[in-house]
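Worksheet: one structure, shown below.
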Amino acid sequence: DKKLLALYGLKYHPFQPDIPKEALWTQPGIDSFFFRIEDLVMQGGFAMVSGEPGLGKSKILQQLALRLGRLEDVTVGVMERPQSSVGDFYREMGALFGVNLSPANRYGGFKALRERWGAHIKTTLMRPLLLIDEAQEMVAACLNELRLMSSADFDSQSLLTVVLSGDMRLPERFRSTTLVSLGTRLRVRLNLEPLSKDQLLDYIEHTLSEAGAPHLMSDPLRRTLADHASGNLRLLNSMAEELLVAAVARELPQLDEKLFIEIFSRRAPQPRKGRVAQTGSPNGS
């Protein structure tokens, strides 16, 4: 990494997942989604981000946490283990919102969390925010616990704002009889689609500029990466990272299309050799 940064003048590796949150690229149209979530924090309720793997759902949650964390009096909790059982779910909820809970006393935990959220709302007029990535892995019982504990006064008041993010299994789950009640309470929905070539080119330009090396890639290589990424940010980053590692090993001044062809043409499936027409020796004997 030190050689990489020194060779190209990079501030950080631009194609790895742990880039600074302030340097994240904002997808077109996402600002309106952020605005709607900021409004939802004032009212409470559920929102959902869905899309195929690699389209940027987790990065959107990172940006949302950063953006709302800057607002005064907004409490942001991030669930780290969405696949938990109900007992572990209560443990994590207690840790996130500063409530000492006993999984053996679910009613006590249920009541304590609601009281904590209610006190927060009276003081700040804002709902606490819970972000859950990979929410398609959550068991139905935990999702329903969230729905019930965040609802007050005969479902006329929401004590919590929840943003669920997951792949396309998540919206499908809300069509089941077990979770249809929660599905009808989703007030904000964002479904991510594969990105266009122009959007991917904009992403590359933004990423390289933020990392401090806008001339790291030639223009033909940028277009080639955008053509081969199938609209998927994760796939684009994976290819770009492999090219960057190869360029560092060879101390190339710039990443170009020639390097792309050399690296990835090796993986193209080779045509099978023709089968011998008859059994026996190749000459047919």
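Letters A, B, ... go to the chains of the structure tokens in the order shown; residues in each chain start at 1; ligands are counted from 1 in the same order.
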
- request: With a distance cut-off of 7 Å and only C-alpha atoms, select the neighbouring residues of A:Val49, excluding the residue or stretch itself and same-chain residues fewer than 6 positions from it, and output the selection as a list of chain:residue names.
  value: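 Counting only the stated atoms, we get A:Lys57, A:Leu164, A:Ser165, A:Gly166, A:Arg189, A:Leu190, A:Asn191.
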
Write the residues you've just listed into a file as an mmCIF file, in the first residue's frame, and include all heavy atoms for each of them.
data_model
loop_
_atom_site.group_PDB
_atom_site.id
_atom_site.type_symbol
_atom_site.label_atom_id
_atom_site.label_comp_id
_atom_site.auth_asym_id
_atom_site.auth_seq_id
_atom_site.Cartn_x
_atom_site.Cartn_y
_atom_site.Cartn_z
ATOM 1 N N LYS A 57 -25.812 -0.350 -1.927
ATOM 2 C CA LYS A 57 -26.751 -0.189 -0.810
ATOM 3 C C LYS A 57 -26.024 0.146 0.496
ATOM 4 O O LYS A 57 -26.437 1.049 1.216
ATOM 5 C CB LYS A 57 -27.575 -1.470 -0.622
ATOM 6 C CG LYS A 57 -28.411 -1.860 -1.818
ATOM 7 C CD LYS A 57 -29.260 -3.084 -1.542
ATOM 8 C CE LYS A 57 -28.445 -4.332 -1.296
ATOM 9 N NZ LYS A 57 -27.624 -4.739 -2.473
ATOM 10 N N LEU A 164 -34.311 -0.252 6.511
ATOM 11 C CA LEU A 164 -33.922 -1.624 6.200
ATOM 12 C C LEU A 164 -33.277 -1.653 4.820
ATOM 13 O O LEU A 164 -33.807 -1.071 3.870
ATOM 14 C CB LEU A 164 -35.144 -2.542 6.207
ATOM 15 C CG LEU A 164 -35.978 -2.578 7.492
ATOM 16 C CD1 LEU A 164 -37.329 -3.229 7.222
ATOM 17 C CD2 LEU A 164 -35.240 -3.331 8.586
ATOM 18 N N SER A 165 -32.153 -2.339 4.716
ATOM 19 C CA SER A 165 -31.463 -2.441 3.433
ATOM 20 C C SER A 165 -31.157 -3.906 3.150
ATOM 21 O O SER A 165 -30.686 -4.632 4.032
ATOM 22 C CB SER A 165 -30.158 -1.630 3.465
ATOM 23 O OG SER A 165 -29.413 -1.831 2.286
ATOM 24 N N GLY A 166 -31.429 -4.337 1.914
ATOM 25 C CA GLY A 166 -31.170 -5.730 1.580
ATOM 26 C C GLY A 166 -31.301 -5.997 0.095
ATOM 27 O O GLY A 166 -31.706 -5.120 -0.679
ATOM 28 N N ARG A 189 -39.397 4.031 -0.053
ATOM 29 C CA ARG A 189 -38.773 2.892 -0.729
ATOM 30 C C ARG A 189 -37.778 3.407 -1.756
ATOM 31 O O ARG A 189 -38.053 4.364 -2.477
ATOM 32 C CB ARG A 189 -39.811 2.022 -1.449
ATOM 33 C CG ARG A 189 -40.824 1.344 -0.521
ATOM 34 C CD ARG A 189 -41.908 0.668 -1.346
ATOM 35 N NE ARG A 189 -42.953 0.065 -0.520
ATOM 36 C CZ ARG A 189 -43.099 -1.250 -0.338
ATOM 37 N NH1 ARG A 189 -42.279 -2.079 -0.947
ATOM 38 N NH2 ARG A 189 -44.068 -1.720 0.417
ATOM 39 N N LEU A 190 -36.630 2.755 -1.804
ATOM 40 C CA LEU A 190 -35.616 3.055 -2.821
ATOM 41 C C LEU A 190 -35.154 1.738 -3.409
ATOM 42 O O LEU A 190 -34.575 0.905 -2.710
ATOM 43 C CB LEU A 190 -34.428 3.803 -2.204
ATOM 44 C CG LEU A 190 -33.241 4.043 -3.143
ATOM 45 C CD1 LEU A 190 -33.635 4.969 -4.293
ATOM 46 C CD2 LEU A 190 -32.047 4.614 -2.380
ATOM 47 N N ASN A 191 -35.426 1.526 -4.692
ATOM 48 C CA ASN A 191 -34.988 0.312 -5.379
ATOM 49 C C ASN A 191 -33.885 0.685 -6.367
ATOM 50 O O ASN A 191 -34.107 1.461 -7.300
ATOM 51 C CB ASN A 191 -36.155 -0.342 -6.126
ATOM 52 C CG ASN A 191 -35.736 -1.636 -6.786
ATOM 53 O OD1 ASN A 191 -35.080 -2.474 -6.168
ATOM 54 N ND2 ASN A 191 -36.094 -1.800 -8.051
#

- request: Considering only C-alpha atoms, return as a ChimeraX atom specification whatever protein or nucleic-acid residues lie within 12 Å of stretch 236-245 of chain A, sequence-local ones (same chain, fewer than 3 positions apart) excluded.
  value: /A:1,3-5,7-8,10,13-17,19,54-56,194-195,197,199-201,203-204,207-208,216-217,221-233,248-264

message: Residues of stretch 18-63 of chain A classed as helix (DSSP H, G or I) by DSSP on the backbone are to be reported as a list in words.
response: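 Residues meeting the helix (DSSP H, G or I) criterion: Lys21, Glu22, Ala23, Ile30, Asp31, Ser32, Phe33, Phe34, Phe35, Arg36, Ile37, Glu38, Asp39, Leu40, Val41, Met42, Gln43, Lys57, Ser58, Lys59, Ile60, Leu61, Gln62 and Gln63 of chain A.
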
Once you have the residues from the selection above, write them out as a short mmCIF file (atom, residue, chain, number, x, y, z; two decimals), in the first residue's frame, restricted to N, CA, C and O atoms.
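again-v5.cif, freshly written:
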data_model
loop_
_atom_site.label_atom_id
_atom_site.label_comp_id
_atom_site.auth_asym_id
_atom_site.auth_seq_id
_atom_site.Cartn_x
_atom_site.Cartn_y
_atom_site.Cartn_z
N LYS A 21 -15.60 8.07 4.41
CA LYS A 21 -17.04 8.28 4.15
C LYS A 21 -17.28 9.61 3.45
O LYS A 21 -18.20 9.75 2.64
N GLU A 22 -16.45 10.61 3.76
CA GLU A 22 -16.64 11.92 3.13
C GLU A 22 -16.34 11.90 1.64
O GLU A 22 -16.74 12.79 0.91
N ALA A 23 -15.62 10.86 1.18
CA ALA A 23 -15.23 10.77 -0.23
C ALA A 23 -16.17 9.89 -1.04
O ALA A 23 -15.94 9.68 -2.23
N ILE A 30 -30.13 10.20 -5.28
CA ILE A 30 -30.10 9.75 -3.90
C ILE A 30 -30.34 10.91 -2.93
O ILE A 30 -30.83 10.72 -1.82
N ASP A 31 -30.02 12.13 -3.33
CA ASP A 31 -30.24 13.28 -2.44
C ASP A 31 -31.70 13.39 -2.03
O ASP A 31 -32.02 13.74 -0.89
N SER A 32 -32.62 13.12 -2.96
CA SER A 32 -34.04 13.19 -2.62
C SER A 32 -34.42 12.11 -1.61
O SER A 32 -35.26 12.32 -0.74
N PHE A 33 -33.77 10.93 -1.70
CA PHE A 33 -34.00 9.88 -0.72
C PHE A 33 -33.50 10.31 0.65
O PHE A 33 -34.19 10.12 1.67
N PHE A 34 -32.32 10.92 0.71
CA PHE A 34 -31.80 11.41 1.99
C PHE A 34 -32.74 12.44 2.60
O PHE A 34 -32.98 12.44 3.81
N PHE A 35 -33.27 13.32 1.76
CA PHE A 35 -34.19 14.35 2.26
C PHE A 35 -35.44 13.71 2.85
O PHE A 35 -35.94 14.14 3.90
N ARG A 36 -35.95 12.68 2.21
CA ARG A 36 -37.15 12.00 2.72
C ARG A 36 -36.87 11.29 4.04
O ARG A 36 -37.74 11.26 4.92
N ILE A 37 -35.68 10.75 4.20
CA ILE A 37 -35.34 10.11 5.47
C ILE A 37 -35.18 11.16 6.57
O ILE A 37 -35.59 10.93 7.73
N GLU A 38 -34.61 12.31 6.24
CA GLU A 38 -34.52 13.38 7.23
C GLU A 38 -35.91 13.79 7.70
O GLU A 38 -36.12 14.08 8.89
N ASP A 39 -36.86 13.83 6.80
CA ASP A 39 -38.24 14.13 7.17
C ASP A 39 -38.84 12.99 7.99
O ASP A 39 -39.59 13.23 8.95
N LEU A 40 -38.49 11.76 7.65
CA LEU A 40 -39.02 10.61 8.37
C LEU A 40 -38.52 10.58 9.81
O LEU A 40 -39.22 10.09 10.71
N VAL A 41 -37.30 11.08 10.05
CA VAL A 41 -36.78 11.13 11.41
C VAL A 41 -37.66 12.01 12.30
O VAL A 41 -37.77 11.77 13.51
N MET A 42 -38.32 12.97 11.73
CA MET A 42 -39.23 13.82 12.50
C MET A 42 -40.54 13.11 12.82
O MET A 42 -41.20 13.43 13.81
N GLN A 43 -40.92 12.13 11.99
CA GLN A 43 -42.22 11.48 12.14
C GLN A 43 -42.13 10.04 12.62
O GLN A 43 -43.05 9.54 13.27
N LYS A 57 -25.81 -0.35 -1.93
CA LYS A 57 -26.75 -0.19 -0.81
C LYS A 57 -26.02 0.15 0.50
O LYS A 57 -26.44 1.05 1.22
N SER A 58 -24.96 -0.57 0.79
CA SER A 58 -24.24 -0.34 2.04
C SER A 58 -23.60 1.04 2.07
O SER A 58 -23.57 1.70 3.12
N LYS A 59 -23.10 1.50 0.93
CA LYS A 59 -22.50 2.83 0.87
C LYS A 59 -23.55 3.91 1.09
O LYS A 59 -23.28 4.95 1.70
N ILE A 60 -24.75 3.68 0.61
CA ILE A 60 -25.83 4.64 0.85
C ILE A 60 -26.14 4.73 2.34
O ILE A 60 -26.37 5.82 2.88
N LEU A 61 -26.14 3.59 3.03
CA LEU A 61 -26.35 3.63 4.48
C LEU A 61 -25.20 4.35 5.18
O LEU A 61 -25.43 5.09 6.16
N GLN A 62 -23.98 4.18 4.72
CA GLN A 62 -22.85 4.91 5.29
C GLN A 62 -23.04 6.41 5.14
O GLN A 62 -22.82 7.19 6.08
N GLN A 63 -23.43 6.83 3.95
CA GLN A 63 -23.66 8.25 3.71
C GLN A 63 -24.81 8.77 4.56
O GLN A 63 -24.74 9.89 5.10
#

query: Of the residues A:Asp155, A:Glu72, A:Glu193, A:Glu137, which is the one nearest to A:Gly29, using only C-alpha atoms?
result: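 Among the listed residues, A:Glu193 lies closest to A:Gly29.
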
- request: Find the spatial neighbours of stretch 142-151 of chain A, counting only C-alpha atoms, within a cut-off of 7 Å - ignore same-chain residues fewer than 6 positions away - and output them as a list in words.
  value: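 In the requested format, the answer is Val86, Phe89, Phe110, Arg114, Gln157, Ser158, Leu159, Leu160 and Leu182 of chain A.
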
message: Give me, as a PyMOL selection string, all polymer residues having an atom no more than 10 Å from A:Ala104, counting only C-alpha atoms and skipping those fewer than 4 positions away in the same chain.
response: chain A and resi 87+90+108-109

Just C-alpha atoms for this one: save the residues we selected as a PDB file, in the first residue's frame.
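Contents of result15.pdb, freshly written:
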ATOM      1  CA  GLY A  87     -32.904 -12.906  22.531  1.00  0.00           C
ATOM      2  CA  TYR A  90     -32.925  -7.543  22.357  1.00  0.00           C
ATOM      3  CA  GLY A 108     -39.193  -5.469  30.504  1.00  0.00           C
ATOM      4  CA  GLY A 109     -36.889  -4.832  27.541  1.00  0.00           C
TER       5      GLY A 109
END

message: According to DSSP computed on the backbone, where in stretch 51-250 of chain A is there strand (DSSP E)? Give the residues as a list in words.
response: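 Strand (DSSP E) assignments inside stretch 51-250 of chain A correspond to Val76, Gly77, Val78, Met79, Leu129, Leu130, Leu131, Ile132, Ser151, Ala152, Gln157, Ser158, Thr161, Val162, Val163, Leu164, Ser165, Gly166, Leu186, Arg187, Val188, Arg189, Leu190 and Asn191 of chain A.
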
- prompt: Of the residues A:Ala246, A:Leu130, A:Leu66, A:Ala140, which is the one nearest to A:Trp117, using only C-alpha atoms?
  reply: A:Leu130
